[in-house]
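Each remark here refers to the structure printed beneath this line.
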Amino acid sequence: MNDVIQNIYTRRSVRAFEEKKIPKEELEIIADVARYAPSGMNRQEWRFTVVQDKVLVKKLAKVITQELDRGPDYNFYGADTLIITSAPRDAKYALEDCACALQNMFLAAHSLGIGSVWINQLKGICDVPAVRAVLDEINIPAENICNGIAALGYEKTEPKGKVKKKENVIEFFI
């Protein structure tokens, strides 16, 4: 089996991260591969905002907690870094494009020994004033909707067992 397929088969969502900083060089690679994802009509209408500043990560977690009642301990599972995908609200394929970019980031992170998990909370609350204030602080344009976050960091514990995937979801007509 080749390395790409092995990387896909072994990547999993991580929901407990160590307190260990991801080096900038690796973050640059992870963010850059997002640009190579397919996009509808090759419009590439996305934007990727890398946030490693702990104060800003905590601010964002706090406004999400307040708006969505996530509980007092919500902190993106302790991830060291967030990469927020966004696109103009009138971009026809924004969600699909950002999803493809996120998958590229997740696979690149995994290949570098960095864990990841998709965070969805921002999509429906970008225009809530307290949330928008934090998004403004990290230069996400007001006309953009956030279509997902890659929460990144080093896994706290090794995963146990095999990833469970549904069977009988593939049908061939060859």
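If you're wondering about the labels, chains in the structure tokens are A, B, ... by order shown, residues count from 1 in each chain, ligands from 1 in order shown.
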Worksheet item: Residues at most 9 Å from Ile8 in chain A, counting only C-alpha atoms, excluding those fewer than 5 positions away in the same chain, as number ranges by chain?
Response: A: 3, 107, 110
Selection file, N, CA, C and O atoms, as a PDB file, in the first residue's frame:
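Output below, filename part03.pdb:
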ATOM      1  N   ASP A   3       2.065   5.286   0.523  1.00  0.00           N
ATOM      2  CA  ASP A   3       2.044   6.151   1.705  1.00  0.00           C
ATOM      3  C   ASP A   3       0.798   7.025   1.790  1.00  0.00           C
ATOM      4  O   ASP A   3       0.299   7.290   2.885  1.00  0.00           O
ATOM      5  N   LEU A 107      -4.878  15.647   6.451  1.00  0.00           N
ATOM      6  CA  LEU A 107      -3.966  14.608   5.963  1.00  0.00           C
ATOM      7  C   LEU A 107      -2.507  15.046   6.067  1.00  0.00           C
ATOM      8  O   LEU A 107      -1.645  14.254   6.436  1.00  0.00           O
ATOM      9  N   HIS A 110      -1.493  14.858   9.750  1.00  0.00           N
ATOM     10  CA  HIS A 110      -1.283  13.461  10.154  1.00  0.00           C
ATOM     11  C   HIS A 110       0.061  12.948   9.639  1.00  0.00           C
ATOM     12  O   HIS A 110       0.787  12.271  10.365  1.00  0.00           O
TER      13      HIS A 110
END
Discussion item. What's around Asn7 in chain A at 10 Å? Count only C-alpha atoms, leave out sequence neighbours fewer than 3 positions away in its own chain, and write the answer as an MDAnalysis selection string.
Written reply: chainID A and resid 2:4 10:12 107:108 110:111
Take the residues from that selection and write them out as a short mmCIF file (atom, residue, chain, number, x, y, z; two decimals), in the first residue's frame, keeping all heavy atoms.
data_model
loop_
_atom_site.label_atom_id
_atom_site.label_comp_id
_atom_site.auth_asym_id
_atom_site.auth_seq_id
_atom_site.Cartn_x
_atom_site.Cartn_y
_atom_site.Cartn_z
N ASN A 2 0.53 2.25 -0.82
CA ASN A 2 1.38 3.43 -0.87
C ASN A 2 1.15 4.35 0.34
O ASN A 2 0.17 4.21 1.08
CB ASN A 2 1.24 4.16 -2.21
CG ASN A 2 -0.05 4.94 -2.36
OD1 ASN A 2 -0.55 5.54 -1.41
ND2 ASN A 2 -0.60 4.93 -3.56
N ASP A 3 2.06 5.29 0.52
CA ASP A 3 2.04 6.15 1.70
C ASP A 3 0.80 7.02 1.79
O ASP A 3 0.30 7.29 2.89
CB ASP A 3 3.29 7.04 1.73
CG ASP A 3 4.57 6.26 1.98
OD1 ASP A 3 4.48 5.10 2.46
OD2 ASP A 3 5.65 6.79 1.69
N VAL A 4 0.31 7.51 0.65
CA VAL A 4 -0.88 8.38 0.66
C VAL A 4 -2.09 7.60 1.16
O VAL A 4 -2.83 8.07 2.05
CB VAL A 4 -1.15 8.97 -0.75
CG1 VAL A 4 -2.47 9.72 -0.77
CG2 VAL A 4 -0.01 9.88 -1.17
N THR A 10 -5.15 5.74 8.21
CA THR A 10 -4.76 5.84 9.62
C THR A 10 -5.09 7.17 10.28
O THR A 10 -4.97 7.30 11.50
CB THR A 10 -3.25 5.55 9.79
OG1 THR A 10 -2.50 6.48 8.99
CG2 THR A 10 -2.92 4.12 9.38
N ARG A 11 -5.50 8.17 9.52
CA ARG A 11 -5.86 9.46 10.11
C ARG A 11 -7.16 9.32 10.91
O ARG A 11 -8.07 8.61 10.51
CB ARG A 11 -6.06 10.52 9.01
CG ARG A 11 -6.16 11.93 9.59
CD ARG A 11 -7.17 12.81 8.90
NE ARG A 11 -8.53 12.37 9.00
CZ ARG A 11 -9.35 12.61 10.03
NH1 ARG A 11 -8.94 13.29 11.09
NH2 ARG A 11 -10.59 12.18 10.02
N ARG A 12 -7.21 9.96 12.05
CA ARG A 12 -8.43 9.96 12.85
C ARG A 12 -8.56 11.29 13.57
O ARG A 12 -7.58 12.02 13.72
CB ARG A 12 -8.45 8.79 13.83
CG ARG A 12 -7.27 8.79 14.78
CD ARG A 12 -7.30 7.64 15.76
NE ARG A 12 -7.15 6.38 15.05
CZ ARG A 12 -7.59 5.22 15.50
NH1 ARG A 12 -8.19 5.15 16.65
NH2 ARG A 12 -7.41 4.13 14.81
N LEU A 107 -4.88 15.65 6.45
CA LEU A 107 -3.97 14.61 5.96
C LEU A 107 -2.51 15.05 6.07
O LEU A 107 -1.64 14.25 6.44
CB LEU A 107 -4.32 14.23 4.53
CG LEU A 107 -5.66 13.48 4.38
CD1 LEU A 107 -6.03 13.33 2.91
CD2 LEU A 107 -5.61 12.13 5.08
N ALA A 108 -2.24 16.30 5.76
CA ALA A 108 -0.87 16.81 5.89
C ALA A 108 -0.43 16.78 7.35
O ALA A 108 0.69 16.35 7.66
CB ALA A 108 -0.77 18.22 5.33
N HIS A 110 -1.49 14.86 9.75
CA HIS A 110 -1.28 13.46 10.15
C HIS A 110 0.06 12.95 9.64
O HIS A 110 0.79 12.27 10.36
CB HIS A 110 -2.44 12.60 9.64
CG HIS A 110 -2.32 11.15 10.00
ND1 HIS A 110 -2.22 10.71 11.30
CD2 HIS A 110 -2.27 10.06 9.23
CE1 HIS A 110 -2.12 9.40 11.31
NE2 HIS A 110 -2.14 8.97 10.06
N SER A 111 0.41 13.31 8.42
CA SER A 111 1.68 12.84 7.86
C SER A 111 2.88 13.43 8.61
O SER A 111 3.97 12.86 8.56
CB SER A 111 1.77 13.19 6.36
OG SER A 111 2.05 14.56 6.18
#
Worksheet item: Can you tell me, as number ranges by chain, what residues are no more than 10 Å from Lys156 in chain A when counting only C-alpha atoms, ignoring any on the same chain fewer than 3 positions away?
Response: A: 14-20, 78, 115, 153, 159
Go ahead and write the selection's residues with all heavy atoms as an mmCIF file, in the first residue's frame.
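Saved result, part_38.cif, follows:
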data_model
loop_
_atom_site.group_PDB
_atom_site.id
_atom_site.type_symbol
_atom_site.label_atom_id
_atom_site.label_comp_id
_atom_site.auth_asym_id
_atom_site.auth_seq_id
_atom_site.Cartn_x
_atom_site.Cartn_y
_atom_site.Cartn_z
ATOM 1 N N VAL A 14 -8.768 13.728 16.626
ATOM 2 C CA VAL A 14 -8.137 13.757 17.945
ATOM 3 C C VAL A 14 -8.900 14.754 18.809
ATOM 4 O O VAL A 14 -9.152 15.877 18.387
ATOM 5 C CB VAL A 14 -6.651 14.174 17.818
ATOM 6 C CG1 VAL A 14 -6.007 14.342 19.184
ATOM 7 C CG2 VAL A 14 -5.891 13.172 16.971
ATOM 8 N N ARG A 15 -9.256 14.327 20.012
ATOM 9 C CA ARG A 15 -10.011 15.198 20.907
ATOM 10 C C ARG A 15 -9.339 15.382 22.266
ATOM 11 O O ARG A 15 -9.992 15.711 23.245
ATOM 12 C CB ARG A 15 -11.428 14.666 21.062
ATOM 13 C CG ARG A 15 -12.231 14.812 19.773
ATOM 14 C CD ARG A 15 -13.651 14.298 19.899
ATOM 15 N NE ARG A 15 -14.372 14.512 18.660
ATOM 16 C CZ ARG A 15 -14.356 13.670 17.619
ATOM 17 N NH1 ARG A 15 -13.636 12.557 17.686
ATOM 18 N NH2 ARG A 15 -15.041 13.933 16.530
ATOM 19 N N ALA A 16 -8.028 15.190 22.284
ATOM 20 C CA ALA A 16 -7.228 15.462 23.488
ATOM 21 C C ALA A 16 -5.798 15.730 23.025
ATOM 22 O O ALA A 16 -5.153 14.860 22.447
ATOM 23 C CB ALA A 16 -7.267 14.278 24.449
ATOM 24 N N PHE A 17 -5.354 16.962 23.260
ATOM 25 C CA PHE A 17 -4.049 17.385 22.772
ATOM 26 C C PHE A 17 -3.096 17.719 23.913
ATOM 27 O O PHE A 17 -3.517 18.190 24.970
ATOM 28 C CB PHE A 17 -4.198 18.625 21.881
ATOM 29 C CG PHE A 17 -5.001 18.399 20.634
ATOM 30 C CD1 PHE A 17 -6.342 18.738 20.571
ATOM 31 C CD2 PHE A 17 -4.411 17.845 19.506
ATOM 32 C CE1 PHE A 17 -7.084 18.542 19.413
ATOM 33 C CE2 PHE A 17 -5.142 17.639 18.346
ATOM 34 C CZ PHE A 17 -6.477 17.986 18.303
ATOM 35 N N GLU A 18 -1.802 17.513 23.658
ATOM 36 C CA GLU A 18 -0.749 17.905 24.599
ATOM 37 C C GLU A 18 -0.562 19.421 24.549
ATOM 38 O O GLU A 18 -0.907 20.066 23.562
ATOM 39 C CB GLU A 18 0.590 17.275 24.184
ATOM 40 C CG GLU A 18 0.677 15.805 24.354
ATOM 41 C CD GLU A 18 2.049 15.278 23.947
ATOM 42 O OE1 GLU A 18 2.983 16.075 23.731
ATOM 43 O OE2 GLU A 18 2.166 14.054 23.852
ATOM 44 N N GLU A 19 0.049 19.961 25.590
ATOM 45 C CA GLU A 19 0.443 21.374 25.579
ATOM 46 C C GLU A 19 1.832 21.451 24.969
ATOM 47 O O GLU A 19 2.838 21.480 25.681
ATOM 48 C CB GLU A 19 0.428 21.945 26.996
ATOM 49 C CG GLU A 19 -0.960 22.258 27.488
ATOM 50 C CD GLU A 19 -0.928 23.094 28.747
ATOM 51 O OE1 GLU A 19 -0.070 24.000 28.872
ATOM 52 O OE2 GLU A 19 -1.770 22.823 29.619
ATOM 53 N N LYS A 20 1.874 21.441 23.662
ATOM 54 C CA LYS A 20 3.142 21.461 22.936
ATOM 55 C C LYS A 20 2.929 22.241 21.648
ATOM 56 O O LYS A 20 2.008 21.956 20.885
ATOM 57 C CB LYS A 20 3.573 20.011 22.623
ATOM 58 C CG LYS A 20 4.875 19.889 21.883
ATOM 59 C CD LYS A 20 5.197 18.414 21.639
ATOM 60 C CE LYS A 20 6.414 18.275 20.753
ATOM 61 N NZ LYS A 20 6.655 16.868 20.384
ATOM 62 N N GLY A 78 -8.207 21.486 23.750
ATOM 63 C CA GLY A 78 -6.839 21.796 24.134
ATOM 64 C C GLY A 78 -5.876 21.906 22.967
ATOM 65 O O GLY A 78 -4.662 21.836 23.147
ATOM 66 N N GLY A 115 -1.958 15.757 15.274
ATOM 67 C CA GLY A 115 -3.359 15.371 15.297
ATOM 68 C C GLY A 115 -4.255 16.521 14.886
ATOM 69 O O GLY A 115 -3.860 17.690 14.901
ATOM 70 N N GLY A 153 -2.841 19.809 16.952
ATOM 71 C CA GLY A 153 -1.919 19.671 18.068
ATOM 72 C C GLY A 153 -1.377 18.254 18.120
ATOM 73 O O GLY A 153 -1.698 17.419 17.277
ATOM 74 N N PRO A 159 -4.018 6.397 19.929
ATOM 75 C CA PRO A 159 -5.340 5.803 19.694
ATOM 76 C C PRO A 159 -5.302 4.291 19.899
ATOM 77 O O PRO A 159 -4.283 3.652 19.635
ATOM 78 C CB PRO A 159 -5.639 6.157 18.241
ATOM 79 C CG PRO A 159 -4.358 6.567 17.641
ATOM 80 C CD PRO A 159 -3.425 6.958 18.741
#
Item to complete: Using backbone DSSP assignments, extract all helix (DSSP H, G or I) residues from range 9-158 of chain A; output them as a VMD selection string.
Response: chain A and resid 9 to 10 24 to 34 40 to 42 54 to 68 76 to 78 94 to 111 129 to 137
Item to complete: Would you mind telling me which residue in A:Glu28, A:Ala109, A:Glu167, A:Asn104 lies nearest to Leu152 in chain A when using only C-alpha atoms?
Response: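 Ranked by minimum distance to Leu152 in chain A, first place goes to A:Ala109.
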Worksheet item: With only C-alpha atoms as the atoms that count, which of A:Ser13, A:Thr157, A:Gln103, A:Gln121 lies nearest to Ile145 in chain A?
Response: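 Nearest candidate to Ile145 in chain A out of A:Ser13, A:Thr157, A:Gln103, A:Gln121: A:Gln121.
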Fill in: Neighbour list for Ala142 in chain A as a PyMOL selection string, cut-off 10 Å, only C-alpha atoms, skip fewer than 5 positions in-chain
chain A and resi 88-89+126-127+132-133+135-136
Could you save the residues just selected, with all heavy atoms, as a short mmCIF file (atom, residue, chain, number, x, y, z; two decimals), in the first residue's frame?
data_model
loop_
_atom_site.label_atom_id
_atom_site.label_comp_id
_atom_site.auth_asym_id
_atom_site.auth_seq_id
_atom_site.Cartn_x
_atom_site.Cartn_y
_atom_site.Cartn_z
N PRO A 88 -16.34 34.25 1.26
CA PRO A 88 -17.45 35.21 1.17
C PRO A 88 -18.80 34.50 1.25
O PRO A 88 -18.97 33.41 0.70
CB PRO A 88 -17.25 35.86 -0.20
CG PRO A 88 -15.79 35.69 -0.49
CD PRO A 88 -15.42 34.36 0.13
N ARG A 89 -19.75 35.13 1.92
CA ARG A 89 -21.06 34.50 2.11
C ARG A 89 -21.77 34.23 0.80
O ARG A 89 -22.64 33.37 0.74
CB ARG A 89 -21.93 35.26 3.10
CG ARG A 89 -22.24 36.67 2.78
CD ARG A 89 -22.98 37.41 3.91
NE ARG A 89 -22.07 37.75 4.98
CZ ARG A 89 -22.26 37.43 6.25
NH1 ARG A 89 -23.34 36.81 6.63
NH2 ARG A 89 -21.37 37.76 7.16
N CYS A 126 -21.34 33.43 12.97
CA CYS A 126 -20.33 34.44 12.58
C CYS A 126 -20.81 35.88 12.77
O CYS A 126 -20.01 36.78 12.98
CB CYS A 126 -19.90 34.25 11.13
SG CYS A 126 -18.91 32.78 10.88
N ASP A 127 -22.11 36.09 12.66
CA ASP A 127 -22.64 37.45 12.74
C ASP A 127 -23.11 37.84 14.14
O ASP A 127 -23.59 38.96 14.33
CB ASP A 127 -23.77 37.63 11.73
CG ASP A 127 -23.26 37.52 10.29
OD1 ASP A 127 -22.11 37.97 10.04
OD2 ASP A 127 -23.99 36.99 9.44
N ARG A 132 -18.34 38.05 16.16
CA ARG A 132 -17.80 38.90 15.09
C ARG A 132 -16.66 39.76 15.62
O ARG A 132 -15.67 40.00 14.91
CB ARG A 132 -18.92 39.75 14.49
CG ARG A 132 -18.51 40.78 13.46
CD ARG A 132 -17.54 40.37 12.38
NE ARG A 132 -17.93 39.23 11.59
CZ ARG A 132 -17.08 38.55 10.82
NH1 ARG A 132 -15.80 38.91 10.74
NH2 ARG A 132 -17.47 37.51 10.13
N ALA A 133 -16.74 40.21 16.85
CA ALA A 133 -15.66 41.03 17.44
C ALA A 133 -14.35 40.25 17.45
O ALA A 133 -13.29 40.81 17.12
CB ALA A 133 -16.04 41.49 18.84
N LEU A 135 -13.65 37.60 15.49
CA LEU A 135 -13.29 37.37 14.09
C LEU A 135 -12.66 38.62 13.48
O LEU A 135 -11.71 38.52 12.69
CB LEU A 135 -14.50 36.91 13.28
CG LEU A 135 -15.13 35.59 13.72
CD1 LEU A 135 -16.35 35.28 12.85
CD2 LEU A 135 -14.13 34.46 13.70
N ASP A 136 -13.17 39.79 13.84
CA ASP A 136 -12.57 41.05 13.37
C ASP A 136 -11.14 41.18 13.89
O ASP A 136 -10.24 41.63 13.17
CB ASP A 136 -13.39 42.25 13.84
CG ASP A 136 -14.72 42.40 13.11
OD1 ASP A 136 -14.90 41.76 12.05
OD2 ASP A 136 -15.58 43.15 13.62
#
Worksheet item: Any idea what's packed within 7 Å of Lys123 in chain A, counting only C-alpha atoms, ignoring anything in its chain fewer than 4 positions away? Could you give it as a list in words?
Response: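 Final neighbour list, sorted by chain and number: Ile145, Cys146, Asn147 and Gly148 of chain A.
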Item to complete: Name the residues of chain A that fall into strand (DSSP E or B) according to DSSP on the backbone, using the chain letters and numbers of this document, as a PyMOL selection string.
Response: chain A and resi 13+17+47-51+81-88+115-119+144-153+155
Taking N, CA and C atoms for each residue, export the selection above as a PDB file, in the first residue's frame.
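Final output, saved to selection.pdb:
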ATOM      1  N   SER A  13      -9.754  11.589  14.012  1.00  0.00           N
ATOM      2  CA  SER A  13      -9.984  12.823  14.762  1.00  0.00           C
ATOM      3  C   SER A  13      -9.427  12.683  16.170  1.00  0.00           C
ATOM      4  N   PHE A  17      -5.354  16.962  23.260  1.00  0.00           N
ATOM      5  CA  PHE A  17      -4.049  17.385  22.772  1.00  0.00           C
ATOM      6  C   PHE A  17      -3.096  17.719  23.913  1.00  0.00           C
ATOM      7  N   ARG A  47     -10.250  31.579   2.463  1.00  0.00           N
ATOM      8  CA  ARG A  47      -9.231  32.289   3.238  1.00  0.00           C
ATOM      9  C   ARG A  47      -8.907  31.383   4.421  1.00  0.00           C
ATOM     10  N   PHE A  48      -7.629  31.330   4.795  1.00  0.00           N
ATOM     11  CA  PHE A  48      -7.197  30.469   5.894  1.00  0.00           C
ATOM     12  C   PHE A  48      -6.502  31.334   6.939  1.00  0.00           C
ATOM     13  N   THR A  49      -7.015  31.319   8.139  1.00  0.00           N
ATOM     14  CA  THR A  49      -6.499  32.140   9.225  1.00  0.00           C
ATOM     15  C   THR A  49      -5.915  31.219  10.288  1.00  0.00           C
ATOM     16  N   VAL A  50      -4.604  31.322  10.486  1.00  0.00           N
ATOM     17  CA  VAL A  50      -3.905  30.471  11.450  1.00  0.00           C
ATOM     18  C   VAL A  50      -3.808  31.227  12.768  1.00  0.00           C
ATOM     19  N   VAL A  51      -4.328  30.609  13.832  1.00  0.00           N
ATOM     20  CA  VAL A  51      -4.330  31.236  15.155  1.00  0.00           C
ATOM     21  C   VAL A  51      -3.635  30.298  16.132  1.00  0.00           C
ATOM     22  N   THR A  81      -3.303  24.954  18.044  1.00  0.00           N
ATOM     23  CA  THR A  81      -3.462  25.831  16.892  1.00  0.00           C
ATOM     24  C   THR A  81      -4.821  25.628  16.249  1.00  0.00           C
ATOM     25  N   LEU A  82      -5.394  26.706  15.742  1.00  0.00           N
ATOM     26  CA  LEU A  82      -6.615  26.638  14.934  1.00  0.00           C
ATOM     27  C   LEU A  82      -6.300  27.202  13.553  1.00  0.00           C
ATOM     28  N   ILE A  83      -6.820  26.551  12.539  1.00  0.00           N
ATOM     29  CA  ILE A  83      -6.806  27.150  11.198  1.00  0.00           C
ATOM     30  C   ILE A  83      -8.268  27.282  10.799  1.00  0.00           C
ATOM     31  N   ILE A  84      -8.710  28.513  10.701  1.00  0.00           N
ATOM     32  CA  ILE A  84     -10.107  28.817  10.409  1.00  0.00           C
ATOM     33  C   ILE A  84     -10.258  29.018   8.908  1.00  0.00           C
ATOM     34  N   THR A  85     -11.181  28.260   8.305  1.00  0.00           N
ATOM     35  CA  THR A  85     -11.469  28.443   6.887  1.00  0.00           C
ATOM     36  C   THR A  85     -12.666  29.378   6.781  1.00  0.00           C
ATOM     37  N   SER A  86     -12.590  30.293   5.830  1.00  0.00           N
ATOM     38  CA  SER A  86     -13.730  31.181   5.598  1.00  0.00           C
ATOM     39  C   SER A  86     -13.781  31.519   4.117  1.00  0.00           C
ATOM     40  N   ALA A  87     -14.940  32.016   3.724  1.00  0.00           N
ATOM     41  CA  ALA A  87     -15.150  32.420   2.327  1.00  0.00           C
ATOM     42  C   ALA A  87     -16.291  33.437   2.304  1.00  0.00           C
ATOM     43  N   PRO A  88     -16.343  34.254   1.259  1.00  0.00           N
ATOM     44  CA  PRO A  88     -17.446  35.212   1.170  1.00  0.00           C
ATOM     45  C   PRO A  88     -18.801  34.504   1.247  1.00  0.00           C
ATOM     46  N   GLY A 115      -1.958  15.757  15.274  1.00  0.00           N
ATOM     47  CA  GLY A 115      -3.359  15.371  15.297  1.00  0.00           C
ATOM     48  C   GLY A 115      -4.255  16.521  14.886  1.00  0.00           C
ATOM     49  N   SER A 116      -5.501  16.172  14.536  1.00  0.00           N
ATOM     50  CA  SER A 116      -6.450  17.194  14.098  1.00  0.00           C
ATOM     51  C   SER A 116      -7.882  16.760  14.370  1.00  0.00           C
ATOM     52  N   VAL A 117      -8.761  17.736  14.423  1.00  0.00           N
ATOM     53  CA  VAL A 117     -10.197  17.490  14.500  1.00  0.00           C
ATOM     54  C   VAL A 117     -10.907  18.670  13.857  1.00  0.00           C
ATOM     55  N   TRP A 118     -12.005  18.374  13.190  1.00  0.00           N
ATOM     56  CA  TRP A 118     -12.825  19.395  12.535  1.00  0.00           C
ATOM     57  C   TRP A 118     -13.752  20.010  13.574  1.00  0.00           C
ATOM     58  N   ILE A 119     -13.740  21.328  13.673  1.00  0.00           N
ATOM     59  CA  ILE A 119     -14.635  22.076  14.564  1.00  0.00           C
ATOM     60  C   ILE A 119     -15.627  22.825  13.676  1.00  0.00           C
ATOM     61  N   ASN A 144     -17.248  37.393   5.175  1.00  0.00           N
ATOM     62  CA  ASN A 144     -16.935  35.968   5.146  1.00  0.00           C
ATOM     63  C   ASN A 144     -17.699  35.188   6.206  1.00  0.00           C
ATOM     64  N   ILE A 145     -18.039  33.956   5.849  1.00  0.00           N
ATOM     65  CA  ILE A 145     -18.616  32.981   6.763  1.00  0.00           C
ATOM     66  C   ILE A 145     -17.528  31.949   7.042  1.00  0.00           C
ATOM     67  N   CYS A 146     -17.425  31.536   8.286  1.00  0.00           N
ATOM     68  CA  CYS A 146     -16.456  30.507   8.642  1.00  0.00           C
ATOM     69  C   CYS A 146     -17.079  29.144   8.368  1.00  0.00           C
ATOM     70  N   ASN A 147     -16.382  28.332   7.597  1.00  0.00           N
ATOM     71  CA  ASN A 147     -16.923  27.050   7.157  1.00  0.00           C
ATOM     72  C   ASN A 147     -16.243  25.858   7.790  1.00  0.00           C
ATOM     73  N   GLY A 148     -15.556  26.055   8.859  1.00  0.00           N
ATOM     74  CA  GLY A 148     -14.908  24.964   9.565  1.00  0.00           C
ATOM     75  C   GLY A 148     -13.549  25.388  10.083  1.00  0.00           C
ATOM     76  N   ILE A 149     -13.150  24.705  11.135  1.00  0.00           N
ATOM     77  CA  ILE A 149     -11.863  24.986  11.767  1.00  0.00           C
ATOM     78  C   ILE A 149     -11.092  23.677  11.869  1.00  0.00           C
ATOM     79  N   ALA A 150      -9.821  23.728  11.530  1.00  0.00           N
ATOM     80  CA  ALA A 150      -8.921  22.612  11.811  1.00  0.00           C
ATOM     81  C   ALA A 150      -8.270  22.919  13.159  1.00  0.00           C
ATOM     82  N   ALA A 151      -8.617  22.125  14.173  1.00  0.00           N
ATOM     83  CA  ALA A 151      -7.953  22.231  15.470  1.00  0.00           C
ATOM     84  C   ALA A 151      -6.786  21.253  15.418  1.00  0.00           C
ATOM     85  N   LEU A 152      -5.585  21.754  15.695  1.00  0.00           N
ATOM     86  CA  LEU A 152      -4.363  20.967  15.503  1.00  0.00           C
ATOM     87  C   LEU A 152      -3.523  20.918  16.772  1.00  0.00           C
ATOM     88  N   GLY A 153      -2.841  19.809  16.952  1.00  0.00           N
ATOM     89  CA  GLY A 153      -1.919  19.671  18.068  1.00  0.00           C
ATOM     90  C   GLY A 153      -1.377  18.254  18.120  1.00  0.00           C
ATOM     91  N   GLU A 155      -1.200  14.642  19.785  1.00  0.00           N
ATOM     92  CA  GLU A 155      -2.103  13.759  20.518  1.00  0.00           C
ATOM     93  C   GLU A 155      -1.618  13.507  21.930  1.00  0.00           C
TER      94      GLU A 155
END
Discussion item. Here is a test: counting only C-alpha atoms, which residue of A:Ile22, A:Cys98, A:Ala91, A:Met41 is nearest to Asp53 in chain A?
Written reply: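 Among the listed residues, A:Ile22 lies closest to Asp53 in chain A.
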Worksheet item: Rounded to one decimal in Å, what is the spacing between CA of Ala130 in chain A and CA of Tyr77 in chain A?
Response: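 Spanning CA of Ala130 in chain A to CA of Tyr77 in chain A is a straight-line distance of 21.3 Å.
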Worksheet item: A:Met1, A:Ala61, A:Leu102, A:Ala94: which is nearest Tyr36 in chain A, counting only C-alpha atoms?
Response: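 Of A:Met1, A:Ala61, A:Leu102, A:Ala94, the one nearest Tyr36 in chain A is A:Leu102, counting only C-alpha atoms.
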Worksheet item: Can you tell me, as a list in words, what residues are no more than 9 Å from Glu96 in chain A when counting only C-alpha atoms, ignoring any on the same chain fewer than 4 positions away?
Response: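 Neighbouring residues, sequence-local ones excluded: Ser39, Gly40, Cys100, Ala101 and Asn147 of chain A.
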Requested write-out: C-alpha atoms of the selected residues, as a PDB file, in the first residue's frame:
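New file again-v2.pdb:
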ATOM      1  CA  SER A  39     -12.484  24.249  -5.520  1.00  0.00           C
ATOM      2  CA  GLY A  40     -15.672  24.772  -7.489  1.00  0.00           C
ATOM      3  CA  CYS A 100     -11.757  19.918   0.679  1.00  0.00           C
ATOM      4  CA  ALA A 101      -9.138  22.316   2.031  1.00  0.00           C
ATOM      5  CA  ASN A 147     -16.923  27.050   7.157  1.00  0.00           C
TER       6      ASN A 147
END
